[in-house]
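Everything below concerns the one structure shown next.
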Amino acid sequence: MDWLGETNDIILDDAAFDKAIADFADLAVQLQSLRDDVEGLLGELKSGFDTPAGRKFIKSCESNLLLPLDRQKLVIDHISSTLSEVKGSYSTVFTEYENLNTAIQSYQA
């Protein structure tokens with residue numbers, strides 16, 4: 001009970017964690033697919049741009065399109081794995097909190 005005489009429960013929404021983990025995993029797949037598409041299109045352009053200026057253009061596209069996608073994928077993968085780790089950590093914390101609460105209540109009874 002808090003100082004107002006009310007109790008507040010701490011709730012871990014496993015479904016929300018699972019959905020976020022699945023959503024980020026799906027986003028990583030979509031981003032990889034986009035990267036593969038862009039890389040394929042650049043590959044097709046290379047044959048028509050086989051000049052010094054064309055090679056410079058393709059190199060610029062690779063740096064300005066593919067590199068940011070690669071970096072974004074690293075971030076998304078990191079968020080997804082962190083959510084998985086956090087879910088496991090918080091599940092343990094809240095299970096122990098529940099056990100402690102139960103023990104205190106049975107002791108007071």
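By convention here, the chains of the structure tokens are called A, B, ... in the order presented, each chain's residues are numbered starting at 1, and ligands are numbered starting at 1 in the order presented.
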Next item on the list: List the neighbours of region 31-45 of chain A out to 7 Å using only C-alpha atoms; skip same-chain residues closer than 4 positions along the sequence, and give me the result as a list in words.
Entry: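 Listing them by chain and then by number gives Leu27, Phe49, Ile58, Leu66, Leu69 and Lys73 of chain A.
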Margin query: Quick check for you: according to DSSP on this backbone, which residues of chain A are classed as alpha helix (DSSP H)? Reply as a PyMOL selection string.
Written below: chain A and resi 14-48+52-61+67-108
Next item on the list: Rank nothing, just name the residue among A:Leu100, A:Ile21, A:Ala28, A:Ala53 nearest to Glu85 (chain A), using only C-alpha atoms.
Entry: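 Distance minimum relative to Glu85 (chain A) lands on A:Ile21.
Each of A:Leu83, A:Ser106, A:Tyr90, A:Asn99 was checked against Ala22 (chain A) using only C-alpha atoms; the smallest atom-to-atom distance is that of A:Leu83.
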Next item on the list: Go through A:Ser89, A:Thr95, A:Ser47, A:Thr82 one by one, measure the shortest atom-to-atom distance of each to Phe24 (chain A) using only C-alpha atoms, and give the residue with the smallest value.
Entry: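 Ranked by minimum distance to Phe24 (chain A), first place goes to A:Thr82.
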Item checked: Spatial neighbours of Val86 (chain A), max dist 12 Å, only C-alpha atoms, sep filter under 3 positions, as a ChimeraX atom specification -> /A:12,14,17-18,20-21,78-83,89-94
Please, could you write that set of residues out with C-alpha atoms as a PDB file, in the first residue's frame?
ATOM      1  CA  LEU A  12       4.770  -6.544 -17.481  1.00  0.00           C
ATOM      2  CA  ASP A  14       4.563  -9.942 -22.325  1.00  0.00           C
ATOM      3  CA  PHE A  17       7.235  -7.158 -25.701  1.00  0.00           C
ATOM      4  CA  ASP A  18       6.593 -10.088 -28.053  1.00  0.00           C
ATOM      5  CA  ALA A  20       7.703  -5.252 -30.462  1.00  0.00           C
ATOM      6  CA  ILE A  21      10.306  -7.996 -30.887  1.00  0.00           C
ATOM      7  CA  HIS A  78      20.357  -4.074 -31.937  1.00  0.00           C
ATOM      8  CA  ILE A  79      16.939  -2.812 -30.787  1.00  0.00           C
ATOM      9  CA  SER A  80      15.378  -6.205 -31.525  1.00  0.00           C
ATOM     10  CA  SER A  81      18.008  -8.140 -29.574  1.00  0.00           C
ATOM     11  CA  THR A  82      17.900  -5.620 -26.706  1.00  0.00           C
ATOM     12  CA  LEU A  83      14.126  -6.004 -26.442  1.00  0.00           C
ATOM     13  CA  SER A  89      15.408  -9.604 -17.451  1.00  0.00           C
ATOM     14  CA  TYR A  90      12.162  -7.908 -16.530  1.00  0.00           C
ATOM     15  CA  SER A  91      10.248 -11.182 -16.486  1.00  0.00           C
ATOM     16  CA  THR A  92      12.598 -12.425 -13.776  1.00  0.00           C
ATOM     17  CA  VAL A  93      12.367  -9.178 -11.811  1.00  0.00           C
ATOM     18  CA  PHE A  94       8.590  -9.108 -11.851  1.00  0.00           C
TER      19      PHE A  94
END
Next item on the list: State, in Å with one decimal place, the distance from CA of Ala25 (chain A) to CA of Gly88 (chain A).
Entry: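 About the pair CA of Ala25 (chain A) and CA of Gly88 (chain A): they are 16.9 Å apart.
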